[in-house]
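Visitor: Dropping a structure here in C-alpha coordinates format, bear with me for questions.
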Amino acid sequence: MKTVYLIAVFLLIGLCKSPLYAQGERGITADTFYRIAFYNAENFFDCLHDTGKNDHDFTPTGIKGWGNAKYTQKRNNLFKVIAAINAECPLAALGMAEIENSRVLRDLCRGTPLRYLNFDFVHFESRDPRGIDVALLYRSDLLRIDTAYVYSLVIPPDTISRTRDILYVRALPQNGIRLPDTLHLLVNHFPSKYGGALKTEAKRAAAACLLRQIMDSLYAKNPTAFILAMGDFNTVPQDEALHRLDSLPFVNLMNTGRWNLKTGSHKYREEWSTIDHIYLNKSSLVYLRQERAFLFDRDFLLMPDARYLGQKPFRTFYGARYLGGYSDHLPVYVDVKNP
(Lines give C-alpha, C1' and ligand atoms only; values in the text may rest on other atoms or scores of the structure.)
Protein backbone atom coordinates (compact mmCIF):
# COMPACT_ATOMS: atom_id res chain seq x y z
CA MET A 1 0.00 0.00 0.00
CA LYS A 2 2.83 2.40 0.82
CA THR A 3 4.32 1.78 -2.62
CA VAL A 4 1.00 2.62 -4.27
CA TYR A 5 0.77 5.92 -2.36
CA LEU A 6 4.34 6.86 -3.22
CA ILE A 7 3.70 6.19 -6.90
CA ALA A 8 0.59 8.37 -6.65
CA VAL A 9 2.64 11.20 -5.13
CA PHE A 10 5.25 11.11 -7.86
CA LEU A 11 2.66 10.88 -10.64
CA LEU A 12 0.65 13.77 -9.23
CA ILE A 13 3.69 15.98 -8.72
CA GLY A 14 4.69 15.31 -12.30
CA LEU A 15 1.17 16.13 -13.45
CA CYS A 16 1.16 19.35 -11.43
CA LYS A 17 4.21 20.48 -13.35
CA SER A 18 2.57 19.72 -16.68
CA PRO A 19 0.61 22.25 -18.79
CA LEU A 20 -2.65 20.69 -17.53
CA TYR A 21 -2.03 22.18 -14.11
CA ALA A 22 0.17 25.15 -14.51
CA GLN A 23 0.56 28.28 -16.29
CA GLY A 24 2.43 28.55 -12.98
CA GLU A 25 5.13 30.85 -11.82
CA ARG A 26 8.50 30.10 -13.37
CA GLY A 27 11.92 30.42 -11.82
CA ILE A 28 10.81 29.31 -8.35
CA THR A 29 13.03 26.74 -6.72
CA ALA A 30 12.90 25.10 -3.31
CA ASP A 31 16.16 26.68 -2.18
CA THR A 32 15.04 30.25 -2.97
CA PHE A 33 11.37 30.47 -1.90
CA TYR A 34 8.72 28.77 0.15
CA ARG A 35 4.99 29.39 -0.02
CA ILE A 36 2.28 30.49 2.43
CA ALA A 37 -1.28 30.24 1.09
CA PHE A 38 -4.94 30.51 2.03
CA TYR A 39 -7.84 28.47 0.66
CA ASN A 40 -11.55 28.47 1.48
CA ALA A 41 -12.35 24.78 0.95
CA GLU A 42 -16.14 25.27 0.47
CA ASN A 43 -17.84 23.05 3.03
CA PHE A 44 -15.33 20.33 3.81
CA PHE A 45 -17.75 18.21 5.87
CA ASP A 46 -17.67 14.55 6.77
CA CYS A 47 -20.83 12.43 6.45
CA LEU A 48 -21.72 12.35 10.15
CA HIS A 49 -24.02 14.60 12.14
CA ASP A 50 -22.20 16.29 15.01
CA THR A 51 -24.39 17.03 18.02
CA GLY A 52 -25.20 20.72 18.36
CA LYS A 53 -24.20 21.58 14.78
CA ASN A 54 -26.46 22.52 11.89
CA ASP A 55 -24.73 20.13 9.51
CA HIS A 56 -27.77 18.05 8.48
CA ASP A 57 -27.44 19.03 4.80
CA PHE A 58 -24.06 17.28 4.71
CA THR A 59 -25.28 13.83 5.70
CA PRO A 60 -26.43 10.94 3.49
CA THR A 61 -30.09 11.81 4.18
CA GLY A 62 -29.62 15.57 3.83
CA ILE A 63 -30.55 17.78 0.89
CA LYS A 64 -27.07 17.41 -0.62
CA GLY A 65 -27.00 13.62 -0.32
CA TRP A 66 -23.56 13.84 1.24
CA GLY A 67 -22.46 10.22 1.30
CA ASN A 68 -19.07 8.56 1.38
CA ALA A 69 -18.48 8.77 -2.38
CA LYS A 70 -18.98 12.55 -2.52
CA TYR A 71 -16.96 13.06 0.65
CA THR A 72 -14.07 10.99 -0.69
CA GLN A 73 -14.14 12.92 -3.96
CA LYS A 74 -14.05 16.20 -2.01
CA ARG A 75 -11.11 15.02 0.09
CA ASN A 76 -9.20 13.84 -2.97
CA ASN A 77 -9.90 17.11 -4.80
CA LEU A 78 -8.48 19.13 -1.90
CA PHE A 79 -5.45 16.86 -1.88
CA LYS A 80 -4.88 17.60 -5.59
CA VAL A 81 -5.06 21.36 -5.01
CA ILE A 82 -2.62 21.25 -2.08
CA ALA A 83 -0.22 18.97 -3.95
CA ALA A 84 -0.35 21.25 -6.99
CA ILE A 85 0.43 24.36 -4.93
CA ASN A 86 3.27 22.51 -3.22
CA ALA A 87 4.65 21.17 -6.52
CA GLU A 88 5.34 24.69 -7.77
CA CYS A 89 6.99 25.86 -4.56
CA PRO A 90 7.35 24.19 -1.13
CA LEU A 91 4.11 24.92 0.73
CA ALA A 92 5.17 25.63 4.29
CA ALA A 93 1.72 26.69 5.55
CA LEU A 94 -1.85 26.74 4.23
CA GLY A 95 -4.64 28.56 6.06
CA MET A 96 -8.03 26.97 5.41
CA ALA A 97 -11.67 27.95 5.96
CA GLU A 98 -14.95 25.99 6.03
CA ILE A 99 -13.43 22.97 7.76
CA GLU A 100 -15.90 20.95 9.83
CA ASN A 101 -13.59 19.22 12.30
CA SER A 102 -10.28 17.52 12.99
CA ARG A 103 -11.57 14.27 11.48
CA VAL A 104 -11.66 15.64 7.96
CA LEU A 105 -8.22 17.24 8.36
CA ARG A 106 -6.77 13.99 9.70
CA ASP A 107 -8.26 12.15 6.75
CA LEU A 108 -6.82 14.73 4.34
CA CYS A 109 -3.33 14.71 5.84
CA ARG A 110 -3.06 11.01 6.60
CA GLY A 111 -5.56 9.34 4.30
CA THR A 112 -4.05 10.74 1.09
CA PRO A 113 -0.49 10.90 -0.26
CA LEU A 114 -0.07 14.17 1.67
CA ARG A 115 1.13 11.90 4.47
CA TYR A 116 4.35 11.37 2.50
CA LEU A 117 4.79 15.13 2.06
CA ASN A 118 4.92 15.68 5.86
CA PHE A 119 1.66 17.64 6.14
CA ASP A 120 0.06 18.07 9.55
CA PHE A 121 -2.58 20.48 10.89
CA VAL A 122 -3.68 22.81 13.68
CA HIS A 123 -7.40 23.05 14.43
CA PHE A 124 -9.72 24.10 17.26
CA GLU A 125 -13.50 23.71 17.43
CA SER A 126 -15.47 26.97 17.32
CA ARG A 127 -19.06 27.81 18.27
CA ASP A 128 -20.08 28.46 14.67
CA PRO A 129 -23.69 27.21 14.28
CA ARG A 130 -22.91 25.34 11.05
CA GLY A 131 -19.83 23.80 12.59
CA ILE A 132 -17.30 25.24 10.14
CA ASP A 133 -13.94 26.38 11.42
CA VAL A 134 -10.59 27.69 10.26
CA ALA A 135 -7.44 25.59 10.37
CA LEU A 136 -3.78 25.61 9.40
CA LEU A 137 -2.06 22.89 7.41
CA TYR A 138 1.72 22.92 7.50
CA ARG A 139 4.69 20.87 6.44
CA SER A 140 6.28 19.56 9.61
CA ASP A 141 9.64 19.20 7.87
CA LEU A 142 9.69 22.97 7.21
CA LEU A 143 7.94 24.48 10.25
CA ARG A 144 7.78 23.60 13.93
CA ILE A 145 4.64 24.82 15.70
CA ASP A 146 5.65 26.59 18.88
CA THR A 147 2.28 27.97 20.05
CA ALA A 148 -1.31 27.75 18.84
CA TYR A 149 -4.60 29.04 20.23
CA VAL A 150 -7.76 30.87 19.16
CA TYR A 151 -9.38 34.25 19.75
CA SER A 152 -13.17 34.08 19.99
CA LEU A 153 -15.13 36.84 18.30
CA VAL A 154 -18.02 38.07 20.47
CA ILE A 155 -20.38 40.43 18.69
CA PRO A 156 -22.70 42.49 20.94
CA PRO A 157 -25.39 41.97 22.13
CA ASP A 158 -24.33 38.30 22.24
CA THR A 159 -22.37 37.23 25.29
CA ILE A 160 -20.75 34.17 23.70
CA SER A 161 -19.04 33.57 20.41
CA ARG A 162 -21.39 32.48 17.63
CA THR A 163 -19.03 32.58 14.68
CA ARG A 164 -15.62 31.34 13.59
CA ASP A 165 -12.62 31.98 15.81
CA ILE A 166 -9.39 33.64 14.71
CA LEU A 167 -6.64 31.03 14.78
CA TYR A 168 -3.19 32.15 15.92
CA VAL A 169 -0.11 30.01 15.24
CA ARG A 170 3.50 30.82 16.05
CA ALA A 171 5.88 28.76 13.94
CA LEU A 172 9.63 28.34 13.87
CA PRO A 173 11.47 27.49 10.64
CA GLN A 174 13.60 24.38 10.37
CA ASN A 175 15.50 22.21 7.88
CA GLY A 176 16.87 25.01 5.74
CA ILE A 177 13.95 27.44 6.02
CA ARG A 178 15.21 30.80 7.22
CA LEU A 179 13.33 33.85 8.44
CA PRO A 180 14.44 37.16 9.93
CA ASP A 181 12.27 36.33 12.94
CA THR A 182 9.52 34.06 14.23
CA LEU A 183 6.56 33.51 11.90
CA HIS A 184 3.20 34.65 13.33
CA LEU A 185 0.19 33.39 11.35
CA LEU A 186 -3.46 34.41 11.83
CA VAL A 187 -6.20 32.52 9.97
CA ASN A 188 -9.60 34.22 9.60
CA HIS A 189 -13.09 33.66 8.25
CA PHE A 190 -15.11 36.81 8.83
CA PRO A 191 -18.94 36.74 9.16
CA SER A 192 -20.73 36.45 5.82
CA LYS A 193 -23.16 38.83 4.13
CA TYR A 194 -26.02 36.39 4.61
CA GLY A 195 -29.01 38.51 5.63
CA GLY A 196 -27.77 41.57 3.74
CA ALA A 197 -24.44 43.36 3.35
CA LEU A 198 -25.47 46.45 5.33
CA LYS A 199 -27.14 44.49 8.15
CA THR A 200 -24.05 42.31 8.63
CA GLU A 201 -21.33 44.94 8.11
CA ALA A 202 -21.01 45.55 11.86
CA LYS A 203 -20.11 41.89 12.35
CA ARG A 204 -17.24 42.09 9.86
CA ALA A 205 -16.14 45.39 11.41
CA ALA A 206 -16.02 43.69 14.81
CA ALA A 207 -13.90 40.88 13.37
CA ALA A 208 -11.55 43.43 11.77
CA CYS A 209 -11.26 45.28 15.06
CA LEU A 210 -10.32 42.09 16.95
CA LEU A 211 -7.80 41.10 14.27
CA ARG A 212 -6.19 44.53 14.37
CA GLN A 213 -5.89 44.36 18.15
CA ILE A 214 -4.13 41.01 17.87
CA MET A 215 -1.74 42.22 15.16
CA ASP A 216 -0.95 45.42 17.08
CA SER A 217 -0.21 43.39 20.20
CA LEU A 218 2.19 41.11 18.33
CA TYR A 219 3.88 44.08 16.68
CA ALA A 220 4.26 45.95 19.98
CA LYS A 221 6.06 42.98 21.48
CA ASN A 222 8.41 42.63 18.51
CA PRO A 223 8.42 45.17 15.66
CA THR A 224 10.71 42.94 13.55
CA ALA A 225 8.37 39.94 13.72
CA PHE A 226 6.96 38.42 10.52
CA ILE A 227 3.20 38.86 11.07
CA LEU A 228 0.86 37.50 8.39
CA ALA A 229 -2.95 37.50 8.62
CA MET A 230 -4.91 35.67 5.94
CA GLY A 231 -8.43 34.53 5.34
CA ASP A 232 -11.84 34.87 3.76
CA PHE A 233 -12.94 38.35 4.89
CA ASN A 234 -16.23 38.09 2.96
CA THR A 235 -15.78 41.55 1.48
CA VAL A 236 -13.57 43.46 -0.93
CA PRO A 237 -10.46 45.45 0.10
CA GLN A 238 -12.22 48.81 -0.29
CA ASP A 239 -15.05 47.95 2.14
CA GLU A 240 -15.42 50.31 5.09
CA ALA A 241 -15.48 47.34 7.50
CA LEU A 242 -11.80 46.72 6.72
CA HIS A 243 -10.62 50.33 7.08
CA ARG A 244 -9.37 49.79 10.63
CA LEU A 245 -6.97 47.18 9.24
CA ASP A 246 -5.59 49.43 6.51
CA SER A 247 -3.07 51.57 8.32
CA LEU A 248 0.60 51.23 9.08
CA PRO A 249 2.47 49.22 10.08
CA PHE A 250 0.23 46.72 8.22
CA VAL A 251 -0.71 46.56 4.54
CA ASN A 252 -3.31 44.57 2.63
CA LEU A 253 -1.52 42.88 -0.25
CA MET A 254 -4.82 42.71 -2.14
CA ASN A 255 -5.12 46.50 -2.20
CA THR A 256 -4.14 48.81 -5.04
CA GLY A 257 -0.68 48.23 -6.47
CA ARG A 258 -0.05 44.81 -4.92
CA TRP A 259 -2.83 42.78 -6.52
CA ASN A 260 -2.88 43.42 -10.25
CA LEU A 261 -5.53 41.00 -11.46
CA LYS A 262 -8.26 41.05 -14.05
CA THR A 263 -10.40 38.63 -12.02
CA GLY A 264 -10.36 37.78 -8.31
CA SER A 265 -10.57 34.91 -5.85
CA HIS A 266 -14.37 34.52 -5.98
CA LYS A 267 -17.13 35.04 -8.53
CA TYR A 268 -20.76 35.96 -7.79
CA ARG A 269 -22.93 35.91 -10.89
CA GLU A 270 -20.99 37.95 -13.47
CA GLU A 271 -18.70 39.72 -11.03
CA TRP A 272 -15.24 38.58 -9.95
CA SER A 273 -14.03 40.04 -6.67
CA THR A 274 -11.26 39.51 -4.14
CA ILE A 275 -12.70 38.58 -0.76
CA ASP A 276 -9.71 36.46 0.32
CA HIS A 277 -6.98 38.66 1.77
CA ILE A 278 -3.42 38.59 3.06
CA TYR A 279 -2.16 41.27 5.47
CA LEU A 280 1.48 41.72 6.41
CA ASN A 281 3.52 44.17 8.45
CA LYS A 282 5.22 46.52 6.01
CA SER A 283 8.76 45.78 7.20
CA SER A 284 8.32 42.16 6.07
CA LEU A 285 7.40 43.06 2.48
CA VAL A 286 11.04 42.86 1.42
CA TYR A 287 10.99 39.11 2.08
CA LEU A 288 8.20 38.47 -0.46
CA ARG A 289 8.72 37.67 -4.11
CA GLN A 290 7.85 40.88 -5.99
CA GLU A 291 6.52 42.22 -2.65
CA ARG A 292 3.03 41.04 -3.58
CA ALA A 293 0.44 38.28 -3.34
CA PHE A 294 -0.65 35.95 -6.13
CA LEU A 295 -3.75 34.06 -7.22
CA PHE A 296 -3.58 30.29 -7.77
CA ASP A 297 -5.91 30.22 -10.78
CA ARG A 298 -4.69 27.13 -12.60
CA ASP A 299 -6.91 25.72 -15.33
CA PHE A 300 -8.10 22.65 -13.45
CA LEU A 301 -9.72 24.88 -10.78
CA LEU A 302 -11.91 26.68 -13.34
CA MET A 303 -14.87 25.79 -15.55
CA PRO A 304 -16.82 27.58 -18.32
CA ASP A 305 -19.48 30.01 -17.10
CA ALA A 306 -22.36 29.38 -19.50
CA ARG A 307 -24.70 31.97 -17.96
CA TYR A 308 -22.36 34.89 -17.24
CA LEU A 309 -19.62 34.07 -19.77
CA GLY A 310 -15.92 33.61 -19.23
CA GLN A 311 -14.89 31.22 -16.48
CA LYS A 312 -15.79 30.61 -12.86
CA PRO A 313 -14.41 28.47 -10.03
CA PHE A 314 -15.14 24.76 -10.45
CA ARG A 315 -17.02 24.34 -7.20
CA THR A 316 -18.42 21.34 -5.33
CA PHE A 317 -22.06 22.46 -5.32
CA TYR A 318 -24.10 25.07 -7.12
CA GLY A 319 -27.00 25.42 -4.70
CA ALA A 320 -28.18 21.84 -4.17
CA ARG A 321 -26.77 20.67 -7.53
CA TYR A 322 -23.64 18.57 -7.20
CA LEU A 323 -20.84 19.54 -9.61
CA GLY A 324 -18.01 17.51 -8.10
CA GLY A 325 -15.44 20.29 -8.28
CA TYR A 326 -13.01 21.86 -5.83
CA SER A 327 -14.29 25.09 -4.26
CA ASP A 328 -16.15 28.31 -5.00
CA HIS A 329 -12.93 30.18 -4.06
CA LEU A 330 -9.46 30.20 -5.58
CA PRO A 331 -6.37 29.99 -3.36
CA VAL A 332 -4.22 33.07 -2.72
CA TYR A 333 -0.59 32.95 -1.70
CA VAL A 334 2.74 34.64 -1.15
CA ASP A 335 6.22 33.32 -1.84
CA VAL A 336 8.72 34.09 0.90
CA LYS A 337 12.38 34.44 0.04
CA ASN A 338 14.71 31.92 1.60
CA PRO A 339 18.06 33.74 1.32
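Residue numbers start at 1 in each chain; chains themselves are named A, B, ... in the order of the C-alpha coordinates; ligands are numbered from 1 in the order shown.
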With only C-alpha atoms as the counted atoms, please give the residues lying no more than 10 Å from segment 195-202 of chain A, apart from itself and same-chain residues fewer than 4 positions off, as a list in words.
Guide: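 Final neighbour list, sorted by chain and number: Ile155, Pro156, Pro191, Ala206, Ala207, Ala208, Asn234, Thr235, Asp239, Glu240, Ala241 and Leu242 of chain A.
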Visitor: Skipping near chain neighbours, those fewer than 6 positions away, what residues fall within 12 Å of segment 280-284 of chain A using only C-alpha atoms, listed as a PyMOL selection string?
Guide: chain A and resi 36+179-186+212+215-216+218-220+222-230+245-255+258+291-293+334+336-337
Visitor: Could you pull out all residues of segment 37-169 of chain A with a DSSP call of alpha helix (DSSP H) and give them as number ranges by chain?
Guide: A: 68-88, 102-110
Visitor: What does the distance between atom CA of His266 of chain A and atom CA of Leu78 of chain A come to in Å, to one decimal place?
Guide: 17.0 Å
Visitor: So which one's closest to Val187 of chain A, A:Thr112, A:Asn43, A:Leu288, A:Ala97? Using only C-alpha atoms, please.
Guide: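 For Val187 of chain A, the nearest of the given residues is A:Ala97.
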Visitor: Write out as number ranges by chain all residues of segment 106-300 of chain A that DSSP puts in strand (DSSP E) for this structure's backbone.
Guide: A: 119-123, 133-139, 143-151, 166-173, 183-189, 226-232, 250-252, 266-268, 271-273, 276-281, 294-295
Visitor: Against segment 141-147 of chain A, which residues of segment 38-132 of chain A fall within 10 Å? For each one I want the closest pair of atoms and the distance in Å (one decimal), counting only C-alpha atoms, rows by chain and increasing residue number, as a tab-separated table.
Guide:
residue	atom	partner	partner_atom	distance
A:Pro90	CA	A:Leu142	CA	8.7
A:Leu91	CA	A:Leu142	CA	8.8
A:Ala92	CA	A:Leu142	CA	6.0
A:Ala93	CA	A:Leu143	CA	8.1
A:Leu117	CA	A:Asp141	CA	8.6
A:Asn118	CA	A:Asp141	CA	6.2
A:Phe119	CA	A:Asp141	CA	8.3
A:Asp120	CA	A:Asp141	CA	9.8
A:Phe121	CA	A:Ile145	CA	9.7
A:Val122	CA	A:Ile145	CA	8.8
Visitor: I'd like the interatomic distance between atom CA of Leu137 of chain A and atom CA of Leu94 of chain A, to a tenth of an Å.
Guide: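 Interatomic distance, atom CA of Leu137 of chain A to atom CA of Leu94 of chain A: 5.0 Å.
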Visitor: Find the residues around Tyr308 of chain A up to 7 Å (only C-alpha atoms counted), leave out those fewer than 3 positions away in its own chain, and share them as a list of chain:residue names.
Guide: A:Arg269, A:Glu270, A:Asp305
Visitor: When distances are computed from only C-alpha atoms, which of A:Arg35, A:Arg170, A:Arg127, A:Arg106 shows the smallest separation from Asn338 of chain A?
Guide: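 Smallest distance to Asn338 of chain A is found for A:Arg35.
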Visitor: Could you tell me which of A:Leu172, A:Ala306, A:Leu136, A:Ala205 comes closest to Gly231 of chain A if we count only C-alpha atoms?
Guide: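 Ranked by minimum distance to Gly231 of chain A, first place goes to A:Leu136.
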Visitor: Which distance in Å separates atom CA of Cys109 of chain A and atom CA of Phe317 of chain A, to one decimal?
Guide: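 These two atoms are separated by 23.1 Å.
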Visitor: Between A:Val134, A:Ala171, A:Ile177, A:Ala41, which is the closest to Pro339 of chain A once you count only C-alpha atoms?
Guide: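 Selected residue with least distance to Pro339 of chain A: A:Ile177.
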